[in-house]
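> Quick one, start-v4.txt (compact mmCIF, C-alpha atoms):
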```
# COMPACT_ATOMS: atom_id res chain seq x y z
CA MET L 224 68.87 115.95 101.05
CA ASN L 225 70.74 115.88 97.72
CA GLN L 226 71.43 119.61 98.05
CA ILE L 227 72.98 119.02 101.47
CA LEU L 228 75.17 116.27 100.07
CA ASP L 229 76.17 118.45 97.13
CA ARG L 230 77.20 121.31 99.42
CA SER L 231 79.19 118.87 101.54
CA LEU L 232 80.98 117.61 98.44
CA ILE L 233 81.72 121.16 97.29
CA SER L 234 83.08 122.00 100.74
CA ARG L 235 85.38 118.96 100.71
CA ASN L 236 86.60 119.75 97.23
CA MET L 237 87.40 123.31 98.24
CA GLU L 238 89.27 122.05 101.29
CA VAL L 239 91.43 119.73 99.20
CA SER L 240 92.07 122.46 96.63
CA GLU L 241 93.18 124.81 99.41
CA MET L 242 95.62 122.18 100.68
CA TYR L 243 97.34 122.22 97.30
CA ASP L 244 97.51 126.02 97.36
CA GLN L 245 99.10 126.29 100.81
CA LYS L 246 102.75 127.28 100.90
CA GLN L 247 105.05 124.85 102.67
CA GLN L 248 106.21 126.49 105.89
CA GLU L 249 108.56 124.31 107.87
CA PRO L 250 108.39 124.97 111.62
CA VAL L 251 111.62 125.59 113.52
CA LEU L 252 111.35 123.29 116.54
CA MET L 253 113.57 122.01 119.35
CA GLN L 254 116.24 124.66 118.89
CA GLY L 255 118.10 125.81 122.00
CA PHE L 256 119.02 124.32 125.40
CA PRO L 257 116.21 124.13 126.25
CA ALA L 258 114.01 125.08 123.33
CA GLU L 259 111.57 127.92 123.91
CA PRO L 260 108.18 126.65 125.18
CA GLU L 261 106.37 127.42 121.91
CA LYS L 262 109.01 125.43 119.99
CA ARG L 263 109.33 122.52 122.40
CA VAL L 264 108.13 119.04 121.42
CA THR L 265 106.96 116.93 124.34
CA TRP L 266 105.10 113.70 125.07
CA ALA L 267 101.92 115.76 125.38
CA ASN L 268 102.12 117.49 121.98
CA TRP L 269 104.26 115.33 119.66
CA MET L 270 101.22 114.08 117.71
CA SER L 271 99.74 117.56 117.22
CA PRO L 272 100.70 120.09 114.52
CA PRO L 273 103.15 121.67 114.10
CA PHE L 274 105.05 119.61 116.69
CA ASN L 275 104.42 116.34 114.82
CA ARG L 276 106.72 117.58 112.03
CA TRP L 277 109.61 116.91 114.44
CA GLY L 278 108.00 114.35 116.71
CA PHE L 279 107.25 111.75 114.03
CA ARG L 280 110.96 111.27 113.26
CA ASN L 281 112.26 111.64 116.79
CA LEU L 282 109.91 109.53 118.87
CA ALA L 283 112.79 107.66 120.53
CA ARG L 284 113.78 110.91 122.24
CA LEU L 285 110.37 111.15 123.89
CA ARG L 286 109.13 107.63 124.70
CA PRO L 287 110.51 104.23 125.78
CA THR L 288 111.36 101.99 122.84
CA ILE L 289 112.21 98.38 121.95
CA ASP L 290 114.97 97.92 119.38
CA VAL L 291 114.66 95.80 116.24
CA ALA L 292 118.34 95.35 115.48
CA ALA L 293 119.64 95.53 111.93
CA GLY L 294 122.31 92.98 112.82
CA SER L 295 125.92 92.72 111.76
CA ARG L 296 125.30 92.24 108.05
CA PRO L 297 126.52 95.21 105.95
CA SER L 298 123.64 97.21 104.52
CA SER L 299 122.68 96.31 100.99
CA VAL L 300 123.40 98.90 98.33
CA LEU L 301 120.32 100.09 96.48
CA ALA L 302 121.19 100.84 92.88
CA HIS L 303 119.92 104.10 91.41
CA ALA L 304 118.20 104.59 88.06
CA PRO L 305 116.47 107.99 88.34
CA VAL L 306 113.18 108.59 86.54
CA GLU L 307 111.40 111.94 86.28
CA LEU L 308 108.28 111.49 88.38
CA GLU L 309 107.66 114.86 90.04
CA GLY L 310 105.88 116.28 87.01
CA LEU L 311 103.67 113.21 86.51
CA SER L 312 100.05 114.34 86.87
CA PHE L 313 96.72 112.86 87.91
CA GLU L 314 93.24 114.14 88.67
CA SER L 315 92.65 115.13 92.28
CA THR L 316 89.45 114.36 94.14
CA CYS L 317 88.79 118.13 94.02
CA GLY L 318 88.73 118.05 90.20
CA ARG L 319 92.10 119.71 89.65
CA THR L 320 94.95 118.16 87.73
CA VAL L 321 97.89 118.00 90.14
CA SER L 322 101.43 116.68 89.94
CA VAL L 323 103.24 114.18 92.10
CA LEU L 324 105.28 117.01 93.60
CA ASP L 325 102.10 118.97 94.30
CA ASN L 326 100.77 116.04 96.29
CA LEU L 327 104.02 115.41 98.15
CA ARG L 328 104.08 119.01 99.33
CA ALA L 329 100.38 119.28 100.14
CA SER L 330 100.39 116.01 102.10
CA LYS L 331 103.31 117.15 104.29
CA THR L 332 105.65 114.44 103.06
CA ASP L 333 108.84 113.89 105.06
CA GLY L 334 110.33 111.17 102.86
CA PHE L 335 109.29 109.54 99.59
CA LEU L 336 110.93 106.54 97.92
CA VAL L 337 110.05 104.76 94.68
CA LEU L 338 111.77 101.50 93.73
CA HIS L 339 111.36 99.79 90.36
CA LYS L 340 112.89 96.40 89.66
CA GLY L 341 114.98 96.76 92.79
CA ARG L 342 116.46 100.14 91.85
CA VAL L 343 115.79 103.57 93.31
CA VAL L 344 114.05 105.64 90.66
CA TYR L 345 113.05 108.46 93.02
CA GLU L 346 114.08 109.43 96.57
CA ASN L 347 113.49 112.76 98.24
CA TYR L 348 113.31 114.22 101.74
CA PHE L 349 111.45 117.25 103.08
CA ASN L 350 111.05 119.12 106.36
CA GLY L 351 114.69 118.56 107.33
CA GLN L 352 114.37 114.76 107.34
CA VAL L 353 117.47 112.85 106.23
CA ALA L 354 118.02 109.28 105.08
CA SER L 355 119.11 108.08 108.52
CA ASP L 356 116.01 109.37 110.33
CA ARG L 357 113.62 106.75 111.67
CA HIS L 358 110.02 107.82 111.16
CA ILE L 359 106.95 106.42 112.88
CA MET L 360 104.85 104.33 110.50
CA PHE L 361 101.68 104.19 112.64
CA SER L 362 99.30 101.55 111.21
CA VAL L 363 101.78 100.29 108.64
CA THR L 364 102.91 98.43 111.77
CA LYS L 365 99.74 96.33 111.55
CA SER L 366 100.77 94.99 108.16
CA LEU L 367 104.20 93.93 109.40
CA ILE L 368 102.46 92.04 112.20
CA GLY L 369 100.18 90.47 109.59
CA VAL L 370 103.17 89.09 107.67
CA LEU L 371 104.70 87.65 110.83
CA GLY L 372 101.37 86.13 111.82
CA GLU L 373 100.82 84.49 108.44
CA GLN L 374 104.31 83.00 108.75
CA LEU L 375 103.31 81.45 112.10
CA ILE L 376 100.26 79.94 110.38
CA HIS L 377 102.46 78.58 107.61
CA ASP L 378 104.81 77.08 110.21
CA GLY L 379 101.94 75.37 112.02
CA VAL L 380 102.40 77.46 115.18
CA LEU L 381 99.08 79.29 114.90
CA ASN L 382 95.65 77.83 114.13
CA THR L 383 93.36 80.30 112.40
CA GLU L 384 90.20 78.44 113.48
CA ALA L 385 91.11 78.45 117.17
CA LEU L 386 89.36 80.91 119.44
CA THR L 387 91.33 83.84 120.79
CA GLU L 388 90.69 82.74 124.38
CA HIS L 389 92.43 79.44 123.61
CA TYR L 390 95.72 81.33 123.36
CA VAL L 391 94.95 84.18 125.77
CA PRO L 392 92.54 83.06 128.51
CA GLU L 393 92.60 86.58 129.96
CA LEU L 394 90.42 87.64 127.00
CA ALA L 395 87.57 85.24 127.80
CA GLY L 396 84.40 87.27 128.24
CA SER L 397 85.80 90.24 126.33
CA ALA L 398 84.88 91.22 122.78
CA PHE L 399 87.70 89.04 121.49
CA GLY L 400 87.41 85.84 123.49
CA ASP L 401 85.06 83.96 121.14
CA ALA L 402 86.52 85.43 117.94
CA THR L 403 88.70 83.16 115.83
CA VAL L 404 92.28 84.00 114.99
CA ARG L 405 91.21 84.53 111.37
CA HIS L 406 88.68 87.11 112.54
CA LEU L 407 91.56 88.97 114.17
CA PHE L 408 93.69 88.86 111.02
CA ASP L 409 90.95 90.25 108.78
CA MET L 410 89.42 92.88 111.11
CA ALA L 411 86.20 90.89 111.35
CA VAL L 412 85.64 91.15 115.11
CA GLY L 413 82.32 92.58 116.28
CA VAL L 414 83.83 94.77 118.98
CA HIS L 415 82.31 97.96 120.36
CA TYR L 416 85.03 100.42 119.33
CA THR L 417 85.23 103.72 117.48
CA GLU L 418 88.34 105.14 115.79
CA MET L 419 87.52 108.75 116.75
CA TYR L 420 90.92 110.31 117.28
CA ASP L 421 89.60 113.73 118.34
CA ASP L 422 87.25 112.40 121.03
CA PRO L 423 89.12 111.95 124.34
CA ALA L 424 86.48 109.47 125.53
CA SER L 425 86.52 107.24 122.42
CA GLU L 426 87.90 103.73 122.52
CA SER L 427 90.75 104.71 120.19
CA SER L 428 91.74 107.53 122.56
CA GLN L 429 91.62 105.09 125.48
CA TYR L 430 93.90 102.88 123.43
CA GLY L 431 96.27 105.83 122.97
CA TYR L 432 96.44 106.39 126.72
CA ALA L 433 96.97 102.69 127.52
CA CYS L 434 99.78 102.25 125.00
CA GLY L 435 101.48 105.50 125.96
CA PHE L 436 100.95 107.59 122.83
CA LYS L 437 99.81 110.46 125.01
CA PRO L 438 99.37 111.15 128.73
CA ALA L 439 95.88 110.40 129.95
CA LEU L 440 93.69 113.10 131.36
CA PRO L 441 92.90 112.26 135.01
CA GLU L 442 89.30 111.31 134.23
CA TYR L 443 90.48 108.82 131.58
CA ALA L 444 93.48 107.27 133.35
CA GLY L 445 91.92 103.83 133.71
CA TYR L 446 94.58 101.48 132.34
CA GLU L 447 98.32 101.17 132.90
CA SER L 448 99.01 98.96 129.87
CA LEU L 449 97.47 97.39 126.81
CA TYR L 450 97.43 94.15 128.80
CA GLN L 451 94.84 95.79 131.06
CA TYR L 452 92.96 97.69 128.38
CA LEU L 453 92.31 94.95 125.80
CA PRO L 454 90.26 92.66 128.11
CA SER L 455 88.00 95.62 128.93
CA LEU L 456 86.55 95.91 125.42
CA ARG L 457 83.08 94.48 124.88
CA LYS L 458 81.30 92.71 122.06
CA ARG L 459 78.95 94.66 119.79
CA CYS L 460 77.76 91.99 117.34
CA GLU L 461 78.62 88.54 116.03
CA HIS L 462 82.01 88.09 114.44
CA GLY L 463 82.69 87.39 110.76
CA GLY L 464 81.14 88.59 107.54
CA LEU L 465 82.11 92.17 108.31
CA PHE L 466 85.00 94.62 108.17
CA HIS L 467 85.54 96.69 111.32
CA TYR L 468 88.89 98.48 111.39
CA VAL L 469 90.09 98.48 115.00
CA THR L 470 93.66 99.05 116.13
CA ALA L 471 93.02 97.13 119.34
CA THR L 472 92.24 94.04 117.23
CA THR L 473 95.82 94.05 115.94
CA GLU L 474 97.10 94.33 119.49
CA VAL L 475 95.07 91.23 120.39
CA LEU L 476 96.45 89.44 117.33
CA ALA L 477 100.00 90.27 118.45
CA TRP L 478 99.23 88.99 121.97
CA VAL L 479 97.93 85.72 120.48
CA MET L 480 101.02 85.40 118.26
CA GLU L 481 103.35 85.92 121.20
CA ARG L 482 101.53 83.39 123.39
CA ALA L 483 101.44 80.81 120.58
CA SER L 484 105.11 81.20 119.65
CA GLY L 485 106.65 82.20 122.96
CA VAL L 486 108.49 84.97 121.08
CA ALA L 487 107.82 88.71 121.31
CA CYS L 488 106.71 90.38 118.08
CA ALA L 489 109.75 92.68 118.17
CA GLU L 490 112.00 89.61 118.21
CA GLN L 491 109.99 87.94 115.44
CA LEU L 492 110.42 91.01 113.25
CA GLN L 493 114.08 91.33 114.17
CA ALA L 494 114.72 87.84 112.76
CA VAL L 495 113.47 89.19 109.42
CA TRP L 496 114.96 92.68 109.72
CA GLN L 497 118.48 91.29 110.16
CA GLN L 498 118.27 89.58 106.77
CA LEU L 499 117.18 92.61 104.74
CA GLY L 500 120.49 94.47 104.66
CA CYS L 501 119.04 97.36 106.65
CA GLU L 502 120.98 100.55 107.32
CA ARG L 503 119.75 101.13 110.88
CA ASP L 504 118.09 99.42 113.78
CA ALA L 505 114.36 100.01 113.77
CA TYR L 506 112.25 100.19 116.93
CA PHE L 507 108.80 99.81 118.42
CA MET L 508 107.41 102.24 120.91
CA ALA L 509 106.91 100.42 124.22
CA ASP L 510 103.77 100.66 126.29
CA PRO L 511 104.11 101.44 130.05
CA TRP L 512 104.63 97.74 130.84
CA GLY L 513 107.33 97.34 128.20
CA ARG L 514 105.14 95.70 125.54
CA SER L 515 105.62 96.53 121.85
CA VAL L 516 102.85 98.74 120.46
CA ALA L 517 102.03 96.34 117.65
CA GLY L 518 99.11 98.23 116.15
CA ALA L 519 100.84 101.54 115.46
CA GLY L 520 104.27 101.89 117.07
CA PHE L 521 106.94 100.85 114.54
CA ASN L 522 109.66 103.30 113.43
CA ALA L 523 112.22 102.85 110.64
CA THR L 524 114.13 104.69 107.94
CA LEU L 525 112.57 105.28 104.54
CA ARG L 526 115.03 103.00 102.75
CA ASP L 527 114.72 100.17 105.26
CA MET L 528 110.94 100.19 104.84
CA GLY L 529 111.66 100.00 101.11
CA ARG L 530 113.88 96.96 101.71
CA PHE L 531 111.03 95.23 103.53
CA GLY L 532 108.77 95.98 100.56
CA LEU L 533 111.37 94.65 98.13
CA MET L 534 111.50 91.40 100.08
CA LEU L 535 107.73 91.01 99.78
CA GLY L 536 107.75 91.89 96.10
CA ASN L 537 110.47 89.32 95.49
CA GLY L 538 108.41 86.45 96.86
CA GLY L 539 109.97 86.66 100.31
CA LYS L 540 113.56 86.35 99.10
CA VAL L 541 116.59 88.53 99.78
CA ASP L 542 119.68 87.82 97.69
CA GLY L 543 118.27 84.42 96.81
CA LYS L 544 117.59 83.44 100.43
CA GLN L 545 114.02 82.77 101.54
CA VAL L 546 113.25 85.10 104.45
CA ILE L 547 109.43 84.86 104.43
CA ASP L 548 107.80 81.91 102.70
CA ASN L 549 106.27 82.78 99.35
CA ALA L 550 103.07 81.01 100.42
CA VAL L 551 102.68 83.63 103.14
CA ILE L 552 102.78 86.47 100.63
CA GLU L 553 100.43 84.63 98.28
CA ALA L 554 97.96 84.11 101.13
CA ILE L 555 97.90 87.86 101.77
CA ALA L 556 97.84 88.90 98.11
CA LYS L 557 94.82 86.78 97.24
CA GLY L 558 92.74 89.23 99.27
CA SER L 559 89.21 88.58 100.47
CA ASP L 560 85.68 89.61 99.51
CA PRO L 561 85.67 93.20 98.13
CA ALA L 562 81.93 93.40 98.77
CA ILE L 563 82.42 93.17 102.53
CA TYR L 564 85.08 95.88 102.43
CA GLY L 565 83.12 98.02 99.96
CA VAL L 566 80.22 98.51 102.37
CA HIS L 567 82.32 101.11 104.15
CA LYS L 568 82.28 104.16 101.90
CA ASP L 569 85.14 105.93 103.65
CA PHE L 570 87.39 102.97 102.87
CA SER L 571 86.03 102.10 99.42
CA ASP L 572 86.32 105.72 98.21
CA TRP L 573 89.90 105.81 99.43
CA THR L 574 90.90 102.42 97.98
CA PRO L 575 88.41 101.55 95.21
CA GLY L 576 88.41 97.91 94.20
CA ALA L 577 90.30 96.78 97.29
CA SER L 578 89.66 94.14 99.93
CA TYR L 579 91.29 93.54 103.32
CA ARG L 580 93.31 90.47 104.25
CA SER L 581 95.76 89.75 107.06
CA GLN L 582 96.16 93.42 108.02
CA TRP L 583 96.81 94.54 104.39
CA TYR L 584 94.73 96.41 101.82
CA VAL L 585 94.75 94.23 98.72
CA PHE L 586 94.16 95.34 95.12
CA ASN L 587 93.27 92.75 92.51
CA ASP L 588 91.40 95.00 90.09
CA HIS L 589 94.30 95.84 87.74
CA SER L 590 97.77 94.65 88.72
CA PRO L 591 98.00 92.63 91.97
CA ALA L 592 99.19 94.91 94.75
CA ILE L 593 99.15 95.21 98.53
CA MET L 594 99.24 98.36 100.61
CA ALA L 595 99.93 99.21 104.24
CA SER L 596 98.79 102.59 105.49
CA GLY L 597 98.99 104.63 108.67
CA ILE L 598 97.42 107.84 109.92
CA HIS L 599 99.00 111.19 109.09
CA GLY L 600 100.12 109.87 105.68
CA GLN L 601 102.31 106.75 106.06
CA TYR L 602 102.35 104.22 103.20
CA LEU L 603 104.07 101.05 102.00
CA PHE L 604 102.84 99.97 98.57
CA VAL L 605 103.96 96.85 96.68
CA ASP L 606 102.83 96.10 93.10
CA PHE L 607 103.95 92.58 92.21
CA ASP L 608 103.68 92.43 88.42
CA SER L 609 105.15 95.90 87.94
CA GLU L 610 107.94 95.30 90.47
CA VAL L 611 107.22 98.64 92.10
CA VAL L 612 107.67 99.45 95.80
CA ILE L 613 106.74 102.88 97.18
CA VAL L 614 107.23 104.22 100.70
CA LYS L 615 105.79 107.50 101.96
CA GLN L 616 106.49 109.00 105.37
CA SER L 617 104.50 112.11 106.26
CA SER L 618 103.37 114.40 109.06
CA LEU L 619 99.92 115.60 108.02
CA PRO L 620 98.32 117.75 110.70
CA ASP L 621 95.20 115.55 110.78
CA ALA L 622 95.06 111.77 111.18
CA VAL L 623 92.81 111.32 108.12
CA THR L 624 92.15 113.83 105.32
CA GLU L 625 90.64 113.94 101.83
CA LEU L 626 94.22 114.01 100.54
CA ASP L 627 94.48 110.32 101.42
CA ILE L 628 92.30 109.53 98.39
CA ASP L 629 94.66 111.53 96.19
CA THR L 630 97.71 109.80 97.63
CA VAL L 631 96.44 106.33 96.72
CA GLN L 632 95.64 107.63 93.25
CA MET L 633 99.19 109.00 93.03
CA LEU L 634 100.73 105.65 94.04
CA ARG L 635 98.78 103.84 91.34
CA THR L 636 99.52 106.54 88.75
CA ILE L 637 103.26 106.19 89.39
CA THR L 638 102.99 102.42 89.17
CA ALA L 639 101.12 102.56 85.85
CA HIS L 640 103.72 104.99 84.48
CA LEU L 641 106.62 102.72 85.44
CA ARG L 642 104.80 99.67 84.14
CA GLY L 643 104.76 101.37 80.73
```
Since I need it in another form, could you write the structure as structure tokens?


Amino acid sequence: MNQILDRSLISRNMEVSEMYDQKQQEPVLMQGFPAEPEKRVTWANWMSPPFNRWGFRNLARLRPTIDVAAGSRPSSVLAHAPVELEGLSFESTCGRTVSVLDNLRASKTDGFLVLHKGRVVYENYFNGQVASDRHIMFSVTKSLIGVLGEQLIHDGVLNTEALTEHYVPELAGSAFGDATVRHLFDMAVGVHYTEMYDDPASESSQYGYACGFKPALPEYAGYESLYQYLPSLRKRCEHGGLFHYVTATTEVLAWVMERASGVACAEQLQAVWQQLGCERDAYFMADPWGRSVAGAGFNATLRDMGRFGLMLGNGGKVDGKQVIDNAVIEAIAKGSDPAIYGVHKDFSDWTPGASYRSQWYVFNDHSPAIMASGIHGQYLFVDFDSEVVIVKQSSLPDAVTELDIDTVQMLRTITAHLRG
């Protein structure tokens, strides 16, 4: 058995090492009127390589969207104080010493931004992306919803001990009906659900069809909207005392938040977005019934995601004005029980020492920090004591890879370097 495990480890290490050795070849896509079939990005292929290299920053050209307006306020100017970071090195999971630039290239980065004490110390774009492009953030979306939800708790609009079915009676009898709101926030719902992105029959693939990420194969076209899909999920075990990462759980949380407040999540976020000094409107992908895809559908520019991170790192303030209550950020940053999170080796290897709270990965092992992450290499990282905010937008060919472990190591290496 140990020999099998050792060979598996060697195989993974070789795979990661090969990723660092690959030459960056940027595909030429969507050129011509129309583009040639082999270079055409469509609803059916935008999430698959190499088409995702264009699709991830042009989703609004392919799917219905819901705007999150930047508002009339002039965009805030981010001061620059460049620091040499590309040559900074760390040890890869494959045993090699690699640089920040090595990782950015290997992990198919489209945009990378590092802010320290409110100033841009590093900003770079790859694959033809420019500063004004709005890139899908996938599950970083969950963390934005978590902030909005914690604000509703702080405002007395949402009761964390109430059952989900209290707010959304349509979910009675489903996996979520007898779960508390807190269970939803912390991914502690005992729902039968697998996040198997390559299996067309998995619950996560069914989610993708229902929300409109991809057209459903005829044999799987069972739901027209998330409103139909979510009540269909069934209970696997008792809720609480566990960590079970499920995108559908965030969608249920968003549904609860909207019912409790009477305000759509896109509008809730817009009220925040308009106070950040953003450069562009952001947007959610809309499901077929016009509902925001709250678990994975948010799109924004690199800098505007950085502005959201700066707001969190500054205790919820922007230019001295309280946008999100500091108590909300403190509630998230305190984290939860690392032992519950640590049971899951895939997660604990990726984010050692972390816990999960309110849709955020929380580090309290060295310097307090929170992290939002999405498939294919999306990140928003905020280290409070070091005053560091990092945003990474990427288009990795696979949803999850061994490079994800390296990327988290890179974020923390950069933070430690800037902390001095």

> For stretch 474-480 of chain L, find every residue with an atom within 6 Å (counting all atoms listed in the file), except residues of its own chain fewer than 6 positions away, and show them as a list in words.

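Those residues are Tyr390, Leu407, Ala517 and Gly518 of chain L.
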
> Give me the residues within 8 Å of L:Leu301 as a compact mmCIF listing (two decimals) with C-alpha atoms, keeping the file's coordinate frame, counting all atoms listed in the file and dropping any in the same chain fewer than 5 places off.


```txt
# COMPACT_ATOMS: atom_id res chain seq x y z
CA GLY L 341 114.98 96.76 92.79
CA ARG L 342 116.46 100.14 91.85
CA VAL L 343 115.79 103.57 93.31
```

> Report the distance between atom CA of L:Glu346 and atom CA of L:Phe604 in Å, rounded to one decimal place.

14.8 Å

> Smallest atom-to-atom distance to L:Ala554: which of L:Ser617, L:Trp573, L:Glu384, L:Gly372, using all atoms listed in the file?

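So, comparing all the options, the nearest one is L:Gly372.
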
> Write out as a ChimeraX atom specification each polymer residue whose atoms come within 6 Å of stretch 444-453 of chain L, counting all atoms listed in the file; drop sequence neighbours fewer than 6 positions from it.

/L:433-434,511-512

> To one decimal in Å, tell me the separation between atom CA of L:Thr470 and atom CA of L:Val404.

15.2 Å

> Compare L:Leu619, L:Val414, L:Gly255, L:Met508 by their minimum atom-to-atom distance to L:Phe274, counting only C-alpha atoms, and give me the closest one.

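Of the candidates, the smallest distance to L:Phe274 is held by L:Leu619.
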
> Between L:His415, L:Arg357, L:Arg482, L:Arg276, which is the closest to L:Leu375 once you count only C-alpha atoms?

L:Arg482

> Counting only C-alpha atoms, which residues have an atom no more than 12 Å from (100.8, 109.8, 127.3) in the file's coordinates? Please list them as an MDAnalysis selection string.

chainID L and resid 265:270 285:287 428:441 443:444 446:448 508:511

> Output stretch 530-562 of chain L from the block with C-alpha atoms, as a PDB file, in the first residue's frame?


```
ATOM      1  CA  ARG L 530     -10.513  47.538  -4.083  1.00  0.00           C
ATOM      2  CA  PHE L 531     -12.978  45.143  -2.450  1.00  0.00           C
ATOM      3  CA  GLY L 532     -10.059  43.463  -0.677  1.00  0.00           C
ATOM      4  CA  LEU L 533      -8.700  46.821   0.467  1.00  0.00           C
ATOM      5  CA  MET L 534     -12.075  47.656   1.979  1.00  0.00           C
ATOM      6  CA  LEU L 535     -12.035  44.418   3.974  1.00  0.00           C
ATOM      7  CA  GLY L 536      -8.442  44.920   5.058  1.00  0.00           C
ATOM      8  CA  ASN L 537      -9.283  48.431   6.226  1.00  0.00           C
ATOM      9  CA  GLY L 538     -11.965  47.255   8.640  1.00  0.00           C
ATOM     10  CA  GLY L 539     -14.778  47.865   6.159  1.00  0.00           C
ATOM     11  CA  LYS L 540     -13.912  51.505   5.519  1.00  0.00           C
ATOM     12  CA  VAL L 541     -13.324  53.363   2.256  1.00  0.00           C
ATOM     13  CA  ASP L 542     -11.918  56.881   2.553  1.00  0.00           C
ATOM     14  CA  GLY L 543     -12.978  56.973   6.186  1.00  0.00           C
ATOM     15  CA  LYS L 544     -16.572  55.906   5.475  1.00  0.00           C
ATOM     16  CA  GLN L 545     -17.874  52.653   6.923  1.00  0.00           C
ATOM     17  CA  VAL L 546     -19.108  50.506   4.026  1.00  0.00           C
ATOM     18  CA  ILE L 547     -19.223  47.111   5.786  1.00  0.00           C
ATOM     19  CA  ASP L 548     -19.326  47.021   9.572  1.00  0.00           C
ATOM     20  CA  ASN L 549     -16.026  46.047  11.145  1.00  0.00           C
ATOM     21  CA  ALA L 550     -17.873  43.518  13.314  1.00  0.00           C
ATOM     22  CA  VAL L 551     -18.795  41.661  10.128  1.00  0.00           C
ATOM     23  CA  ILE L 552     -15.165  41.300   9.103  1.00  0.00           C
ATOM     24  CA  GLU L 553     -14.146  40.312  12.630  1.00  0.00           C
ATOM     25  CA  ALA L 554     -16.849  37.618  12.664  1.00  0.00           C
ATOM     26  CA  ILE L 555     -15.411  36.118   9.480  1.00  0.00           C
ATOM     27  CA  ALA L 556     -11.752  36.489  10.468  1.00  0.00           C
ATOM     28  CA  LYS L 557     -12.144  34.664  13.770  1.00  0.00           C
ATOM     29  CA  GLY L 558     -12.578  31.476  11.744  1.00  0.00           C
ATOM     30  CA  SER L 559     -13.937  28.223  13.117  1.00  0.00           C
ATOM     31  CA  ASP L 560     -12.591  24.848  14.227  1.00  0.00           C
ATOM     32  CA  PRO L 561      -9.519  23.885  12.126  1.00  0.00           C
ATOM     33  CA  ALA L 562      -9.962  20.261  13.188  1.00  0.00           C
TER      34      ALA L 562
END
```
